Amino acid sequence: MEVKKIPEVILCSGQKMPLIGMGTAPNPLTPQEALISIFIDGFDVGYRHFDTASLYGSEEPLGKAVAKALELGLIKGRDEVFITSKLWCTDAQHDLVLPALKTTLQKLRLEYVDLYLIHWPLRLRPGVELINISEEDVFPLDMKGTWEAMEECYRLGLAKSIGVSNFGIKKLNQLLENATVLPAVNQVEMNPSWQQGKLREFCKQEGIHVSAWSPLGAYKTSWGSNAVMENPILMEIARARQKSVAQVALRWIYEQRTSPIAKSFNKERMKQNLEIFDWELSQEELQKLSQIPQRRTVTGEQFVSENGPFKSLEELWDGEP
């Protein structure tokens with residue numbers, strides 16, 4: 001099948017990144033062989049940006065899928081693929097960053113990642129599991145030391161771009177005070193039901209590209225919501241346009257000059273999610289979308305405690321509840 005080229009953004013690092021990525025976090029858990037096949041489907045329909053993380057357990061099958069895509073001729077070379085991975089919180093301290101990235105590269109069977117992100121602006125006690133966090137397990141992030149180690153990964157060529165995830169404005173300002181390499185990307189929850197206007201404006205001024213995880217509200221996952229996919233305004237626009245609700249939501253994100261990380265493991269929906277680049281939302285439709293009630297899906301409440309570094313959700317999110 002003929003694959004249309006996806007538009008790209010040039011990051012502040014000078015690297016080009018496709019303006020839609022495929023999410024790879026399996027929910028529910030999926031066998032590795034099945035994941036490899038799903039990611040091959042992603043290549044086949046046209047995805048060239050794949051978003052993984054140490055936490056997801058999808059680095060190894062993604063690496064095998066990249067090798068298989070090369071073997072099948074779906075891609076001609078490594079430079080046709082953009083791979084994002086993330087530093088998990090248990091490794092978020094200066095001396096653990098480089099070893100963590102080397103482990104990621106080993107699992108991916110790659111010499112470099114295109115983008116490496118600090119997953120959350122905090123540190124967790126080594127060995128702690130996300131589903132079982134107590135207040136003694138959460139520590140403040142050593143912003144200066146951790147970012148210095150991220151910059152070392154960049155200088156060594158092991159990460160072509162570096163950035164962050166789930167950082168608010170105050171935390172970005174803290175990072176920028178000492179950074180000699182600017183964060184290329186801030187990947188945050190963003191969709192028509194959580195539009196992140198202030199944060200997007202700040203990042204635009206600083207030259208940081210915003211990437212949107214959960215662009216469809218993580219619909220039908222164990223932790224998601226129906227705030228996007230069953231939103232009456234989005235449904236009305238989708239009906240009028242003869243588009244899917246997902247296509248309208250993803251197009252809205254694209255029109256904000258941000259890039260969605262869309263996760264579907266269904267090949268037909270994967271294909272539909274890429275069909276957002278040859279049409280536009282009208283001003284009237286954009287106005288309607290701006291009126292959607294706003295609510296964050298992932299609160300991060302497991303990181304908040306009376307004696308921890310974040311005593312409230314406002315502290316965790318820098319004033320955005």
# chains A, B, ... in the order shown; residues from 1 in each chain; ligands from 1
>>> residues_around(residues="Lys102 (chain A)", least_positions_apart="6", cutoff="10 Å", atoms="only C-alpha atoms", output="list of chain:residue names")
A:Leu108, A:Leu110, A:Glu111, A:Tyr112, A:Cys153, A:Leu158
>>> write_last_selection(atoms="N, CA, C and O atoms", output="PDB file, in the first residue's frame")
ATOM      1  N   LEU A 108      15.832  -1.890  22.679  1.00  0.00           N
ATOM      2  CA  LEU A 108      15.374  -1.451  21.356  1.00  0.00           C
ATOM      3  C   LEU A 108      16.273  -1.960  20.222  1.00  0.00           C
ATOM      4  O   LEU A 108      15.904  -1.841  19.052  1.00  0.00           O
ATOM      5  N   LEU A 110      18.984  -0.552  19.276  1.00  0.00           N
ATOM      6  CA  LEU A 110      19.327   0.650  18.510  1.00  0.00           C
ATOM      7  C   LEU A 110      20.562   1.323  19.088  1.00  0.00           C
ATOM      8  O   LEU A 110      20.890   1.152  20.260  1.00  0.00           O
ATOM      9  N   GLU A 111      21.227   2.116  18.245  1.00  0.00           N
ATOM     10  CA  GLU A 111      22.412   2.855  18.698  1.00  0.00           C
ATOM     11  C   GLU A 111      22.036   4.190  19.326  1.00  0.00           C
ATOM     12  O   GLU A 111      22.826   4.783  20.053  1.00  0.00           O
ATOM     13  N   TYR A 112      20.836   4.677  19.034  1.00  0.00           N
ATOM     14  CA  TYR A 112      20.376   5.947  19.613  1.00  0.00           C
ATOM     15  C   TYR A 112      18.851   5.974  19.593  1.00  0.00           C
ATOM     16  O   TYR A 112      18.214   5.257  18.820  1.00  0.00           O
ATOM     17  N   CYS A 153      23.785  12.449  27.694  1.00  0.00           N
ATOM     18  CA  CYS A 153      23.229  11.489  26.726  1.00  0.00           C
ATOM     19  C   CYS A 153      23.139  12.119  25.333  1.00  0.00           C
ATOM     20  O   CYS A 153      23.421  11.466  24.323  1.00  0.00           O
ATOM     21  N   LEU A 158      23.629   9.500  22.032  1.00  0.00           N
ATOM     22  CA  LEU A 158      22.738   8.392  22.348  1.00  0.00           C
ATOM     23  C   LEU A 158      21.274   8.828  22.310  1.00  0.00           C
ATOM     24  O   LEU A 158      20.373   7.993  22.203  1.00  0.00           O
TER      25      LEU A 158
END
>>> select_by_dssp(residues="region 110-253 of chain A", states="helix (DSSP H, G or I)", output="JSON, numbers by chain")
{"A": [130, 131, 132, 135, 136, 137, 143, 144, 145, 146, 147, 148, 149, 150, 151, 152, 153, 154, 155, 169, 170, 171, 172, 173, 174, 175, 176, 177, 178, 197, 198, 199, 200, 201, 202, 203, 204, 205, 206, 232, 233, 234, 235, 236, 237, 238, 239, 240, 241, 245, 246, 247, 248, 249, 250, 251, 252, 253]}
>>> atom_distance(atom1="CA of Phe303 (chain A)", atom2="CA of Ile131 (chain A)")
11.0 Å
>>> closest_residue(among="A:Lys76, A:His94, A:Lys243, A:Lys68", to="Leu281 (chain A)", atoms="only C-alpha atoms")
A:Lys243
>>> closest_residue(among="A:Ala240, A:Ala92, A:Leu124, A:Leu11", to="Asp142 (chain A)", atoms="only C-alpha atoms")
A:Ala92
>>> select_by_dssp(residues="region 52-274 of chain A", states="strand (DSSP E)", output="count of residues only")
34
>>> residues_around(residues="region 260-270 of chain A", least_positions_apart="4", cutoff="6 Å", atoms="only C-alpha atoms", output="ChimeraX atom specification")
/A:20-23,211-213,215
>>> residues_around(residues="Pro293 (chain A)", least_positions_apart="3", cutoff="10 Å", atoms="only C-alpha atoms", output="list in words")
Pro192, Ser193, Trp194, Gln195, Ala227, Asn231, Leu289 and Ser290 of chain A
>>> write_last_selection(atoms="all heavy atoms", output="short mmCIF file (atom, residue, chain, number, x, y, z; two decimals), in the first residue's frame")
data_model
loop_
_atom_site.label_atom_id
_atom_site.label_comp_id
_atom_site.auth_asym_id
_atom_site.auth_seq_id
_atom_site.Cartn_x
_atom_site.Cartn_y
_atom_site.Cartn_z
N PRO A 192 -9.02 17.86 23.47
CA PRO A 192 -10.04 18.92 23.53
C PRO A 192 -10.68 19.09 24.91
O PRO A 192 -11.23 20.16 25.22
CB PRO A 192 -11.07 18.47 22.49
CG PRO A 192 -10.27 17.70 21.49
CD PRO A 192 -9.27 16.95 22.32
N SER A 193 -10.59 18.06 25.77
CA SER A 193 -11.15 18.18 27.13
C SER A 193 -10.10 18.61 28.16
O SER A 193 -10.42 18.78 29.33
CB SER A 193 -11.76 16.84 27.57
OG SER A 193 -12.89 16.56 26.78
N TRP A 194 -8.84 18.76 27.73
CA TRP A 194 -7.79 19.30 28.60
C TRP A 194 -6.78 20.01 27.69
O TRP A 194 -5.79 19.45 27.26
CB TRP A 194 -7.12 18.21 29.44
CG TRP A 194 -6.19 18.76 30.47
CD1 TRP A 194 -4.84 18.62 30.54
CD2 TRP A 194 -6.54 19.61 31.58
NE1 TRP A 194 -4.33 19.31 31.62
CE2 TRP A 194 -5.35 19.93 32.27
CE3 TRP A 194 -7.76 20.15 32.04
CZ2 TRP A 194 -5.34 20.75 33.41
CZ3 TRP A 194 -7.73 20.97 33.16
CH2 TRP A 194 -6.54 21.25 33.84
N GLN A 195 -7.08 21.31 27.41
CA GLN A 195 -6.46 21.97 26.27
C GLN A 195 -5.10 22.61 26.55
O GLN A 195 -4.39 22.99 25.61
CB GLN A 195 -7.44 22.99 25.67
CG GLN A 195 -8.71 22.30 25.17
CD GLN A 195 -9.66 23.22 24.41
OE1 GLN A 195 -9.39 24.40 24.18
NE2 GLN A 195 -10.81 22.68 24.02
N ALA A 227 -14.39 11.52 28.17
CA ALA A 227 -14.57 12.97 28.03
C ALA A 227 -14.30 13.47 26.61
O ALA A 227 -14.79 14.53 26.22
CB ALA A 227 -13.68 13.72 29.02
N ASN A 231 -17.87 13.14 23.80
CA ASN A 231 -18.20 14.56 23.98
C ASN A 231 -19.21 15.00 22.91
O ASN A 231 -18.96 14.81 21.72
CB ASN A 231 -16.93 15.40 23.89
CG ASN A 231 -17.23 16.88 24.07
OD1 ASN A 231 -17.59 17.56 23.13
ND2 ASN A 231 -17.12 17.36 25.29
N LEU A 289 -15.20 24.10 19.97
CA LEU A 289 -14.28 23.23 20.70
C LEU A 289 -13.65 23.94 21.90
O LEU A 289 -13.33 23.31 22.91
CB LEU A 289 -13.18 22.72 19.76
CG LEU A 289 -13.64 21.69 18.72
CD1 LEU A 289 -12.59 21.48 17.65
CD2 LEU A 289 -13.99 20.36 19.38
N SER A 290 -13.51 25.26 21.79
CA SER A 290 -12.93 26.02 22.91
C SER A 290 -13.87 26.10 24.11
O SER A 290 -13.47 26.49 25.20
CB SER A 290 -12.55 27.44 22.44
OG SER A 290 -13.72 28.22 22.25
#
>>> closest_residue(among="A:Ala100, A:Val66, A:Val81, A:Ile292", to="Ile6 (chain A)", atoms="only C-alpha atoms")
A:Val81
>>> closest_residue(among="A:Ala159, A:Leu62, A:Met229, A:Val185", to="Ser37 (chain A)", atoms="only C-alpha atoms")
A:Leu62
>>> decode(residues="region 30-71 of chain A", atoms="N, CA and C atoms", output="mmCIF file, in the first residue's frame")
data_model
loop_
_atom_site.group_PDB
_atom_site.id
_atom_site.type_symbol
_atom_site.label_atom_id
_atom_site.label_comp_id
_atom_site.auth_asym_id
_atom_site.auth_seq_id
_atom_site.Cartn_x
_atom_site.Cartn_y
_atom_site.Cartn_z
ATOM 1 N N THR A 30 -0.341 -7.026 26.907
ATOM 2 C CA THR A 30 -0.429 -7.736 25.636
ATOM 3 C C THR A 30 0.839 -8.559 25.446
ATOM 4 N N PRO A 31 0.743 -9.817 24.993
ATOM 5 C CA PRO A 31 1.945 -10.625 24.777
ATOM 6 C C PRO A 31 2.914 -9.965 23.790
ATOM 7 N N GLN A 32 4.208 -10.182 24.004
ATOM 8 C CA GLN A 32 5.231 -9.518 23.179
ATOM 9 C C GLN A 32 5.079 -9.822 21.698
ATOM 10 N N GLU A 33 4.800 -11.081 21.359
ATOM 11 C CA GLU A 33 4.660 -11.433 19.931
ATOM 12 C C GLU A 33 3.504 -10.668 19.295
ATOM 13 N N ALA A 34 2.427 -10.501 20.054
ATOM 14 C CA ALA A 34 1.277 -9.740 19.544
ATOM 15 C C ALA A 34 1.650 -8.273 19.352
ATOM 16 N N LEU A 35 2.439 -7.719 20.295
ATOM 17 C CA LEU A 35 2.869 -6.326 20.166
ATOM 18 C C LEU A 35 3.726 -6.123 18.923
ATOM 19 N N ILE A 36 4.630 -7.052 18.652
ATOM 20 C CA ILE A 36 5.489 -6.931 17.461
ATOM 21 C C ILE A 36 4.606 -6.829 16.212
ATOM 22 N N SER A 37 3.617 -7.703 16.133
ATOM 23 C CA SER A 37 2.708 -7.712 14.984
ATOM 24 C C SER A 37 1.922 -6.397 14.883
ATOM 25 N N ILE A 38 1.478 -5.874 16.024
ATOM 26 C CA ILE A 38 0.740 -4.601 16.058
ATOM 27 C C ILE A 38 1.625 -3.456 15.575
ATOM 28 N N PHE A 39 2.874 -3.426 16.028
ATOM 29 C CA PHE A 39 3.771 -2.340 15.619
ATOM 30 C C PHE A 39 4.127 -2.437 14.132
ATOM 31 N N ILE A 40 4.211 -3.659 13.612
ATOM 32 C CA ILE A 40 4.413 -3.845 12.168
ATOM 33 C C ILE A 40 3.216 -3.266 11.407
ATOM 34 N N ASP A 41 2.008 -3.505 11.928
ATOM 35 C CA ASP A 41 0.815 -2.878 11.335
ATOM 36 C C ASP A 41 0.957 -1.359 11.327
ATOM 37 N N GLY A 42 1.507 -0.813 12.415
ATOM 38 C CA GLY A 42 1.728 0.633 12.495
ATOM 39 C C GLY A 42 2.640 1.127 11.379
ATOM 40 N N PHE A 43 3.746 0.419 11.170
ATOM 41 C CA PHE A 43 4.640 0.759 10.055
ATOM 42 C C PHE A 43 3.891 0.670 8.725
ATOM 43 N N ASP A 44 3.111 -0.390 8.577
ATOM 44 C CA ASP A 44 2.441 -0.660 7.303
ATOM 45 C C ASP A 44 1.460 0.444 6.927
ATOM 46 N N VAL A 45 0.724 0.981 7.922
ATOM 47 C CA VAL A 45 -0.251 2.033 7.595
ATOM 48 C C VAL A 45 0.387 3.414 7.479
ATOM 49 N N GLY A 46 1.646 3.544 7.946
ATOM 50 C CA GLY A 46 2.324 4.818 7.715
ATOM 51 C C GLY A 46 2.953 5.499 8.910
ATOM 52 N N TYR A 47 2.797 4.931 10.116
ATOM 53 C CA TYR A 47 3.457 5.551 11.272
ATOM 54 C C TYR A 47 4.973 5.456 11.124
ATOM 55 N N ARG A 48 5.639 6.574 11.469
ATOM 56 C CA ARG A 48 7.103 6.581 11.477
ATOM 57 C C ARG A 48 7.660 7.092 12.805
ATOM 58 N N HIS A 49 6.762 7.561 13.677
ATOM 59 C CA HIS A 49 7.144 7.982 15.025
ATOM 60 C C HIS A 49 6.464 7.034 16.010
ATOM 61 N N PHE A 50 7.273 6.371 16.843
ATOM 62 C CA PHE A 50 6.751 5.443 17.843
ATOM 63 C C PHE A 50 7.198 5.916 19.221
ATOM 64 N N ASP A 51 6.233 5.959 20.150
ATOM 65 C CA ASP A 51 6.485 6.490 21.486
ATOM 66 C C ASP A 51 6.442 5.353 22.497
ATOM 67 N N THR A 52 7.587 5.092 23.141
ATOM 68 C CA THR A 52 7.666 4.039 24.137
ATOM 69 C C THR A 52 8.251 4.625 25.422
ATOM 70 N N ALA A 53 8.497 3.758 26.399
ATOM 71 C CA ALA A 53 9.076 4.193 27.680
ATOM 72 C C ALA A 53 9.525 2.957 28.428
ATOM 73 N N SER A 54 10.495 3.152 29.286
ATOM 74 C CA SER A 54 10.945 2.067 30.147
ATOM 75 C C SER A 54 9.766 1.457 30.912
ATOM 76 N N LEU A 55 8.857 2.300 31.381
ATOM 77 C CA LEU A 55 7.712 1.858 32.179
ATOM 78 C C LEU A 55 6.775 0.939 31.400
ATOM 79 N N TYR A 56 6.650 1.149 30.082
ATOM 80 C CA TYR A 56 5.595 0.486 29.317
ATOM 81 C C TYR A 56 5.856 -1.007 29.073
ATOM 82 N N GLY A 57 7.132 -1.412 29.101
ATOM 83 C CA GLY A 57 7.442 -2.794 28.742
ATOM 84 C C GLY A 57 7.318 -3.068 27.260
ATOM 85 N N SER A 58 7.313 -2.016 26.443
ATOM 86 C CA SER A 58 7.151 -2.200 24.992
ATOM 87 C C SER A 58 8.428 -1.911 24.206
ATOM 88 N N GLU A 59 9.525 -1.586 24.898
ATOM 89 C CA GLU A 59 10.764 -1.258 24.181
ATOM 90 C C GLU A 59 11.283 -2.459 23.385
ATOM 91 N N GLU A 60 11.297 -3.630 24.020
ATOM 92 C CA GLU A 60 11.855 -4.814 23.348
ATOM 93 C C GLU A 60 11.039 -5.223 22.115
ATOM 94 N N PRO A 61 9.706 -5.356 22.226
ATOM 95 C CA PRO A 61 8.939 -5.685 21.016
ATOM 96 C C PRO A 61 9.008 -4.598 19.948
ATOM 97 N N LEU A 62 9.116 -3.333 20.364
ATOM 98 C CA LEU A 62 9.246 -2.259 19.372
ATOM 99 C C LEU A 62 10.570 -2.392 18.619
ATOM 100 N N GLY A 63 11.644 -2.685 19.356
ATOM 101 C CA GLY A 63 12.937 -2.889 18.706
ATOM 102 C C GLY A 63 12.888 -4.022 17.689
ATOM 103 N N LYS A 64 12.218 -5.115 18.043
ATOM 104 C CA LYS A 64 12.077 -6.241 17.118
ATOM 105 C C LYS A 64 11.224 -5.862 15.910
ATOM 106 N N ALA A 65 10.210 -5.025 16.141
ATOM 107 C CA ALA A 65 9.353 -4.570 15.033
ATOM 108 C C ALA A 65 10.123 -3.668 14.065
ATOM 109 N N VAL A 66 11.010 -2.807 14.606
ATOM 110 C CA VAL A 66 11.846 -1.960 13.730
ATOM 111 C C VAL A 66 12.716 -2.844 12.839
ATOM 112 N N ALA A 67 13.354 -3.863 13.441
ATOM 113 C CA ALA A 67 14.199 -4.785 12.663
ATOM 114 C C ALA A 67 13.380 -5.508 11.602
ATOM 115 N N LYS A 68 12.170 -5.932 11.961
ATOM 116 C CA LYS A 68 11.304 -6.649 11.023
ATOM 117 C C LYS A 68 10.836 -5.722 9.895
ATOM 118 N N ALA A 69 10.517 -4.463 10.239
ATOM 119 C CA ALA A 69 10.083 -3.499 9.223
ATOM 120 C C ALA A 69 11.191 -3.249 8.192
ATOM 121 N N LEU A 70 12.427 -3.225 8.670
ATOM 122 C CA LEU A 70 13.575 -3.091 7.757
ATOM 123 C C LEU A 70 13.677 -4.327 6.858
ATOM 124 N N GLU A 71 13.530 -5.477 7.466
ATOM 125 C CA GLU A 71 13.633 -6.751 6.732
ATOM 126 C C GLU A 71 12.539 -6.854 5.661
#
